[in-house]
Each structure stands twice: as C-alpha cells, then as structure tokens.
>>> print(open('upload_38.csv').read())   # CSV, C-alpha atoms
chain,number,residue,atom,x,y,z
M,70,MET,CA,5.5,-17.3,13.1
M,71,ALA,CA,2.5,-16.7,15.4
M,72,THR,CA,-0.5,-14.8,14.0
M,73,GLY,CA,0.0,-12.2,16.8
M,74,ALA,CA,3.3,-11.2,15.1
M,75,LEU,CA,1.5,-10.8,11.8
M,76,ASN,CA,-1.1,-8.6,13.5
M,77,SER,CA,1.5,-6.2,14.6
M,78,SER,CA,3.0,-5.8,11.1
M,79,ILE,CA,0.5,-6.6,8.3
M,80,LEU,CA,-2.9,-7.7,9.4
M,81,TRP,CA,-3.6,-4.8,11.6
M,82,THR,CA,-4.3,-2.7,8.5
M,83,LEU,CA,-7.1,-5.1,7.4
M,84,GLY,CA,-9.1,-4.7,10.6
M,85,ARG,CA,-11.4,-7.1,12.3
M,86,ARG,CA,-15.0,-7.4,11.0
M,87,ASP,CA,-16.9,-8.7,14.0
M,88,SER,CA,-20.3,-7.3,13.0
M,89,LEU,CA,-22.8,-8.9,15.4
M,90,PRO,CA,-23.0,-8.8,19.2
M,91,ALA,CA,-21.9,-12.0,21.0
M,92,ALA,CA,-25.0,-11.8,23.1
M,93,LEU,CA,-27.2,-12.6,20.1
M,94,ASN,CA,-25.7,-16.1,19.9
M,95,TRP,CA,-25.3,-16.0,16.2
M,96,TYR,CA,-23.2,-18.5,14.2
M,97,THR,CA,-21.7,-18.7,10.7
M,98,ARG,CA,-20.7,-21.7,8.7
M,99,ILE,CA,-19.2,-22.2,5.3
M,100,ALA,CA,-21.8,-24.1,3.2
M,101,VAL,CA,-19.7,-24.2,0.0
M,102,GLN,CA,-15.9,-24.1,0.3
M,103,PRO,CA,-13.8,-21.9,-2.1
M,104,GLU,CA,-12.6,-23.4,-5.4
M,105,TRP,CA,-9.3,-21.5,-5.5
M,106,GLU,CA,-6.8,-19.8,-3.2
M,107,PRO,CA,-5.5,-16.2,-3.1
M,108,VAL,CA,-1.9,-17.3,-3.7
M,109,GLU,CA,-0.5,-19.7,-6.3
M,110,LEU,CA,1.7,-22.7,-5.6
M,111,GLU,CA,4.5,-21.2,-7.7
M,112,ASP,CA,4.4,-18.0,-5.5
M,113,VAL,CA,4.8,-20.2,-2.4
M,114,LYS,CA,7.7,-22.1,-3.9
M,115,ALA,CA,9.4,-18.8,-4.7
M,116,GLN,CA,8.9,-17.7,-1.1
M,117,VAL,CA,10.5,-20.8,0.3
M,118,ARG,CA,13.1,-20.9,-2.4
M,119,ILE,CA,12.6,-24.4,-3.9
M,120,ASN,CA,12.1,-25.3,-7.6
M,121,TYR,CA,11.3,-29.0,-7.3
M,122,CYS,CA,7.9,-30.8,-7.0
M,123,ASP,CA,8.5,-33.2,-4.1
M,124,GLU,CA,6.7,-31.0,-1.6
M,125,ASP,CA,3.9,-29.6,-3.7
M,126,ALA,CA,1.3,-31.5,-1.8
M,127,LEU,CA,2.6,-30.2,1.6
M,128,LEU,CA,2.8,-26.6,0.3
M,129,THR,CA,-0.7,-26.8,-1.2
M,130,SER,CA,-2.1,-27.9,2.2
M,131,TYR,CA,-0.2,-25.0,3.8
M,132,ILE,CA,-1.9,-22.6,1.4
M,133,THR,CA,-5.3,-23.7,2.4
M,134,ALA,CA,-4.5,-23.8,6.1
M,135,ALA,CA,-2.9,-20.3,6.1
M,136,ARG,CA,-5.9,-18.8,4.3
M,137,GLN,CA,-8.3,-20.4,6.8
M,138,LEU,CA,-6.3,-19.3,9.8
M,139,LEU,CA,-6.0,-15.7,8.6
M,140,GLU,CA,-9.7,-15.6,7.6
M,141,VAL,CA,-10.5,-16.4,11.2
M,142,GLU,CA,-8.0,-13.9,12.5
M,143,CYS,CA,-9.4,-11.1,10.4
M,144,SER,CA,-13.1,-12.3,10.7
M,145,ARG,CA,-13.6,-12.1,7.0
M,146,ALA,CA,-13.6,-14.2,3.8
M,147,PHE,CA,-10.7,-13.7,1.5
M,148,ILE,CA,-12.1,-15.5,-1.6
M,149,THR,CA,-15.5,-16.5,-3.0
M,150,GLN,CA,-17.4,-18.9,-0.8
M,151,THR,CA,-20.9,-19.5,0.3
M,152,ALA,CA,-21.7,-18.8,4.0
M,153,GLU,CA,-24.7,-19.1,6.2
M,154,LEU,CA,-25.6,-16.8,9.1
M,155,GLY,CA,-27.9,-18.3,11.7
M,156,LEU,CA,-29.7,-16.1,14.2
M,157,PRO,CA,-31.9,-17.1,17.2
M,158,ARG,CA,-34.4,-14.3,16.3
M,159,PHE,CA,-34.9,-11.2,14.3
M,160,PRO,CA,-33.4,-8.0,15.8
M,161,ILE,CA,-35.8,-6.4,18.4
M,162,PHE,CA,-34.7,-2.8,18.3
M,163,GLU,CA,-33.0,-2.6,14.9
M,164,ASP,CA,-34.2,-2.5,11.3
M,165,ARG,CA,-31.1,-4.2,9.8
M,166,ILE,CA,-29.0,-7.2,10.1
M,167,ARG,CA,-25.2,-6.8,9.5
M,168,LEU,CA,-23.6,-9.7,7.7
M,169,PRO,CA,-20.2,-11.1,8.9
M,170,LEU,CA,-17.2,-12.0,6.8
M,171,GLY,CA,-17.1,-8.9,4.6
M,172,GLN,CA,-17.0,-8.5,0.8
M,173,LEU,CA,-20.6,-9.5,0.2
M,174,GLN,CA,-21.3,-10.6,-3.3
M,175,THR,CA,-24.9,-11.9,-3.4
M,176,ILE,CA,-27.7,-12.7,-0.9
M,177,LEU,CA,-28.9,-16.2,-1.9
M,178,SER,CA,-31.8,-16.6,0.5
M,179,VAL,CA,-33.3,-15.2,3.7
M,180,LYS,CA,-35.5,-17.7,5.5
M,181,TYR,CA,-37.2,-18.1,8.8
M,182,THR,CA,-38.8,-21.1,10.5
M,183,ASP,CA,-41.8,-20.7,12.8
M,184,SER,CA,-42.9,-22.8,15.8
M,185,THR,CA,-44.6,-25.3,13.6
M,186,GLN,CA,-41.3,-25.9,11.8
M,187,SER,CA,-42.7,-24.3,8.6
M,188,THR,CA,-40.0,-22.4,6.7
M,189,THR,CA,-40.8,-19.2,4.8
M,190,PRO,CA,-38.5,-17.4,2.3
M,191,MET,CA,-38.3,-13.6,2.4
M,192,ALA,CA,-38.3,-11.7,-0.9
M,193,VAL,CA,-35.6,-9.2,-1.8
M,194,ASN,CA,-36.9,-5.6,-2.4
M,195,THR,CA,-40.3,-6.6,-0.9
M,196,ASP,CA,-39.4,-8.0,2.6
M,197,TYR,CA,-35.9,-6.7,2.8
M,198,LEU,CA,-33.3,-4.5,1.0
M,199,VAL,CA,-29.6,-5.2,0.5
M,200,ASN,CA,-27.2,-2.4,1.5
M,201,GLN,CA,-23.8,-3.0,0.0
M,202,TYR,CA,-22.6,0.5,0.5
M,203,THR,CA,-21.5,-0.3,4.0
M,204,GLU,CA,-18.8,-2.7,5.2
M,205,PRO,CA,-20.0,-5.1,6.4
M,206,ALA,CA,-23.0,-5.2,4.2
M,207,GLU,CA,-26.5,-5.3,5.6
M,208,ILE,CA,-30.0,-6.5,4.9
M,209,VAL,CA,-32.4,-3.7,5.8
M,210,LEU,CA,-36.2,-3.5,6.3
M,211,PRO,CA,-38.0,-1.4,3.7
M,212,PHE,CA,-39.7,1.8,4.9
M,213,ALA,CA,-42.6,1.2,7.4
M,214,HIS,CA,-42.0,-2.6,7.4
M,215,ILE,CA,-41.4,-4.8,10.5
M,216,TRP,CA,-39.7,-8.2,10.8
M,217,PRO,CA,-42.1,-11.2,10.5
M,218,PRO,CA,-44.1,-11.3,13.8
M,219,GLN,CA,-44.5,-15.1,13.9
M,220,VAL,CA,-43.5,-17.2,16.9
M,221,LEU,CA,-40.2,-18.6,15.8
M,222,SER,CA,-38.7,-22.1,16.2
M,223,PRO,CA,-36.2,-22.4,19.1
M,224,ASN,CA,-33.7,-24.1,16.8
M,225,VAL,CA,-31.8,-21.3,14.8
M,226,PRO,CA,-35.0,-20.0,13.1
M,227,VAL,CA,-33.4,-17.3,10.9
M,228,VAL,CA,-30.9,-18.3,8.3
M,229,ILE,CA,-29.3,-16.0,5.7
M,230,GLN,CA,-27.2,-17.7,2.9
M,231,PHE,CA,-24.9,-15.5,0.9
M,232,THR,CA,-21.7,-15.5,-1.1
M,233,CYS,CA,-18.8,-13.4,0.1
M,234,GLY,CA,-15.1,-12.8,-0.4
M,235,TRP,CA,-13.1,-11.2,-3.3
M,236,SER,CA,-14.1,-12.6,-6.7
M,237,ASP,CA,-10.6,-13.4,-8.0
M,238,ALA,CA,-7.0,-13.4,-6.8
M,239,ALA,CA,-6.3,-10.1,-8.5
M,240,HIS,CA,-8.6,-8.2,-6.1
M,241,VAL,CA,-7.3,-9.8,-2.9
M,242,PRO,CA,-5.2,-7.2,-1.1
M,243,ASN,CA,-1.5,-7.7,-1.3
M,244,ALA,CA,-1.3,-7.5,2.5
M,245,ILE,CA,-3.3,-10.7,2.7
M,246,LYS,CA,-1.2,-12.5,0.1
M,247,GLN,CA,2.0,-11.4,1.8
M,248,ALA,CA,0.7,-12.5,5.2
M,249,MET,CA,-0.1,-15.9,3.8
M,250,LEU,CA,3.3,-16.2,2.2
M,251,MET,CA,5.1,-15.2,5.4
M,252,LEU,CA,3.0,-17.7,7.5
M,253,ILE,CA,3.6,-20.5,5.0
M,254,GLY,CA,7.3,-19.8,4.9
M,255,ASP,CA,7.5,-20.0,8.6
M,256,TRP,CA,5.6,-23.3,8.7
M,257,TYR,CA,7.9,-24.7,6.0
M,258,GLN,CA,11.0,-23.8,7.9
M,259,ASN,CA,9.7,-24.8,11.4
M,260,ARG,CA,7.7,-28.0,11.1
M,261,GLU,CA,7.6,-28.9,14.8
M,262,ASP,CA,5.9,-27.3,17.7
M,263,ILE,CA,7.9,-24.5,19.4
M,264,ALA,CA,8.0,-24.6,23.2
M,265,ILE,CA,8.0,-21.0,24.3
M,266,GLY,CA,10.5,-20.2,27.0
M,267,ARG,CA,12.6,-23.3,26.5
M,268,SER,CA,16.0,-23.5,25.0
M,269,PRO,CA,17.0,-26.4,22.8
M,270,GLU,CA,19.2,-29.0,24.4
M,271,ILE,CA,22.7,-29.1,23.0
M,272,ALA,CA,24.5,-32.4,23.1
M,273,VAL,CA,28.1,-32.0,24.3
M,274,GLN,CA,30.5,-34.3,22.4
>>> encode(input="upload_38.csv", output="structure tokens")
Amino acid sequence: MATGALNSSILWTLGRRDSLPAALNWYTRIAVQPEWEPVELEDVKAQVRINYCDEDALLTSYITAARQLLEVECSRAFITQTAELGLPRFPIFEDRIRLPLGQLQTILSVKYTDSTQSTTPMAVNTDYLVNQYTEPAEIVLPFAHIWPPQVLSPNVPVVIQFTCGWSDAAHVPNAIKQAMLMLIGDWYQNREDIAIGRSPEIAVQ
C-alpha cells in the first residue's frame, strides 16, 4: 500500500506540520532515536494473522520502518525522541522560531556560534520564552528583546535541541497506529516491488 493511499483515508486527518519556510534552508536531524514504538509486536501479529515467532525479527523491522516513513509523511514525531533544528541565521523580521515535528516536550538547549567559532548558550526565560500553546510550538523573544546581533558562523550557526513526540503509546492517536498496522500488513503480504501498469505473466501449461 502506498502512503498516498493512506493519505486519502487516514493520514489526512493528522495534517502536515511543515512549520518553517524552505527558503530559510533549515534542517532537522534526530540526535537520539526513540526507545519504543507506537504499536506492539503482538498487535502487528494479530493484524497479519500469525501466532508463531519465526518472523518476529522481520515484523519488528517493519514496525520501525513504518513509523519512520509515516513520520516523514506527516512531518511530525510520533514518539519521544531528541531532535535538533539547525538554522543559517536568526529570523530577520520575526520574534519567534517555530519548531518542526510537533508535540514539543522540552527545549534542551538553544545555542549560536559566532564568526570566531565561539558557541554561546541562550537562557530560557531570559533570552527566550517557550510557547507550547501553539502547534507547532515556538521559542519567542521576551518583550523588547532582539536576537543576538553577533556576526554568525556560516556553518549552521543556530542549533536548537529539543525532545518531541507523544510520551507513551497510550497517547499516540489511534489513526497513527492504524496507519502503521495497515502499512505493515501490506508489506507483509507483498514483499516484492510492484511494477505499476504491468500485469503479472501467467505461464500457460
């Protein structure tokens, strides 16, 4: 099953969370991978209707792959993980930075590197505030403050590290879990590439 098919049935309700303009050349990376998955192996085995253990390793790999693919499709983190947002500069005309991936839990650090390659941490409630009342969440300048005026390094000078995603499986929306199960079930039943527009050759006896 292609993710496009899932979009038309389940994932469209989740919405995409692209929160920063492409022109800003921002990037995100996962610094610490999740320690658990939104669906359990037993739920997957029930979905594909097997009760033996021979394919547990395969199904476990499908769980992680399905979660990663759908996280990209939805532009958000499903479960607790540590991410880093890198920016080429502070916003010029805005007093806030919107954080990608959704479900912000904690800001771990906000740092910037100047042209001498000296890195400076920013202090929460002094240099910036955290707005978790919006989705996606934001870091916001306090009243009458400006972004640091230093000449910044040309090599991704602004880095924000944060944890995001739902804190446990019970809080992950059922639509996400169902989408994962549907995708895994399709992979399990169709383990080879599908050539669109071609009919399988049938041998004539």
>>> closest_residue(input="upload_38.csv", among="M:Tyr202, M:Trp216, M:Tyr131, M:Tyr197", to="Met249 (chain M)", atoms="all atoms listed in the file")
M:Tyr131
>>> closest_residue(input="upload_38.csv", among="M:Val227, M:Asn120, M:Val241, M:Lys246", to="Pro160 (chain M)", atoms="only C-alpha atoms")
M:Val227
>>> closest_residue(input="upload_38.csv", among="M:Leu156, M:Ile176, M:Gln102, M:Asp164", to="Pro211 (chain M)", atoms="only C-alpha atoms")
M:Asp164
>>> residues_around(input="upload_38.csv", residues="Ala134 (chain M)", least_positions_apart="3", cutoff="12 Å", atoms="all atoms listed in the file", output="PDB file with C-alpha atoms, in the frame of the given file")
ATOM      1  CA  GLU M 106      -6.800 -19.800  -3.200  1.00  0.00           C
ATOM      2  CA  PRO M 107      -5.500 -16.200  -3.100  1.00  0.00           C
ATOM      3  CA  LEU M 127       2.600 -30.200   1.600  1.00  0.00           C
ATOM      4  CA  LEU M 128       2.800 -26.600   0.300  1.00  0.00           C
ATOM      5  CA  THR M 129      -0.700 -26.800  -1.200  1.00  0.00           C
ATOM      6  CA  SER M 130      -2.100 -27.900   2.200  1.00  0.00           C
ATOM      7  CA  TYR M 131      -0.200 -25.000   3.800  1.00  0.00           C
ATOM      8  CA  GLN M 137      -8.300 -20.400   6.800  1.00  0.00           C
ATOM      9  CA  LEU M 138      -6.300 -19.300   9.800  1.00  0.00           C
ATOM     10  CA  LEU M 139      -6.000 -15.700   8.600  1.00  0.00           C
ATOM     11  CA  GLU M 140      -9.700 -15.600   7.600  1.00  0.00           C
ATOM     12  CA  VAL M 141     -10.500 -16.400  11.200  1.00  0.00           C
ATOM     13  CA  MET M 249      -0.100 -15.900   3.800  1.00  0.00           C
ATOM     14  CA  LEU M 250       3.300 -16.200   2.200  1.00  0.00           C
ATOM     15  CA  LEU M 252       3.000 -17.700   7.500  1.00  0.00           C
ATOM     16  CA  ILE M 253       3.600 -20.500   5.000  1.00  0.00           C
ATOM     17  CA  TRP M 256       5.600 -23.300   8.700  1.00  0.00           C
TER      18      TRP M 256
END
>>> residues_near_point(input="upload_38.csv", point="(-25.9, -6.9, 8.2)", cutoff="8 Å", atoms="all atoms listed in the file", output="MDAnalysis selection string")
chainID M and resid 88 165:169 205:209
>>> atom_distance(input="upload_38.csv", atom1="CA of Thr195 (chain M)", atom2="CA of Arg158 (chain M)")
19.7 Å
>>> closest_residue(input="upload_38.csv", among="M:Asn194, M:Thr151, M:Asn259, M:Gln116", to="Thr97 (chain M)", atoms="only C-alpha atoms")
M:Thr151
>>> closest_residue(input="upload_38.csv", among="M:Val228, M:Cys122, M:Leu170, M:Val117", to="Thr149 (chain M)", atoms="all atoms listed in the file")
M:Leu170
>>> atom_distance(input="upload_38.csv", atom1="CA of Ala100 (chain M)", atom2="CA of Thr175 (chain M)")
14.2 Å
>>> residues_around(input="upload_38.csv", residues="Ala126 (chain M)", least_positions_apart="5", cutoff="12 Å", atoms="only C-alpha atoms", output="list in words")
Leu110, Val113, Lys114, Tyr121, Tyr131, Ile132 and Thr133 of chain M
>>> write_last_selection(input="upload_38.csv", atoms="C-alpha atoms", output="mmCIF file, in the coordinates of the input")
data_model
loop_
_atom_site.group_PDB
_atom_site.id
_atom_site.type_symbol
_atom_site.label_atom_id
_atom_site.label_comp_id
_atom_site.auth_asym_id
_atom_site.auth_seq_id
_atom_site.Cartn_x
_atom_site.Cartn_y
_atom_site.Cartn_z
ATOM 1 C CA LEU M 110 1.700 -22.700 -5.600
ATOM 2 C CA VAL M 113 4.800 -20.200 -2.400
ATOM 3 C CA LYS M 114 7.700 -22.100 -3.900
ATOM 4 C CA TYR M 121 11.300 -29.000 -7.300
ATOM 5 C CA TYR M 131 -0.200 -25.000 3.800
ATOM 6 C CA ILE M 132 -1.900 -22.600 1.400
ATOM 7 C CA THR M 133 -5.300 -23.700 2.400
#
>>> closest_residue(input="upload_38.csv", among="M:Asn243, M:Ser144, M:Thr203, M:Ser184", to="Leu221 (chain M)", atoms="only C-alpha atoms")
M:Ser184
>>> atom_distance(input="upload_38.csv", atom1="CA of Ile148 (chain M)", atom2="CA of Ser178 (chain M)")
19.8 Å
>>> residues_around(input="upload_38.csv", residues="Asp196 (chain M)", least_positions_apart="3", cutoff="7 Å", atoms="only C-alpha atoms", output="number ranges by chain")
M: 191-193, 210-211
>>> write_last_selection(input="upload_38.csv", atoms="C-alpha atoms", output="tab-separated table (two decimals), in the frame of the given file")
chain	number	residue	atom	x	y	z
M	191	MET	CA	-38.30	-13.60	2.40
M	192	ALA	CA	-38.30	-11.70	-0.90
M	193	VAL	CA	-35.60	-9.20	-1.80
M	210	LEU	CA	-36.20	-3.50	6.30
M	211	PRO	CA	-38.00	-1.40	3.70
>>> residues_around(input="upload_38.csv", residues="Ser222 (chain M)", least_positions_apart="2", cutoff="8 Å", atoms="all atoms listed in the file", output="list in words")
Thr182, Asp183, Ser184, Thr185, Gln186, Val220, Asn224, Val225 and Pro226 of chain M
>>> decode(input="upload_38.csv", residues="region 227-238 of chain M", atoms="C-alpha atoms", output="tab-separated table (two decimals), in the first residue's frame")
chain	number	residue	atom	x	y	z
M	227	VAL	CA	21.88	28.39	15.29
M	228	VAL	CA	21.03	24.98	16.76
M	229	ILE	CA	18.01	24.18	18.91
M	230	GLN	CA	17.88	20.77	20.60
M	231	PHE	CA	14.55	19.53	21.94
M	232	THR	CA	12.56	16.43	22.79
M	233	CYS	CA	9.31	15.86	20.92
M	234	GLY	CA	6.66	13.24	20.21
M	235	TRP	CA	3.98	11.67	22.39
M	236	SER	CA	5.34	10.47	25.72
M	237	ASP	CA	3.80	6.99	25.64
M	238	ALA	CA	1.88	4.68	23.33
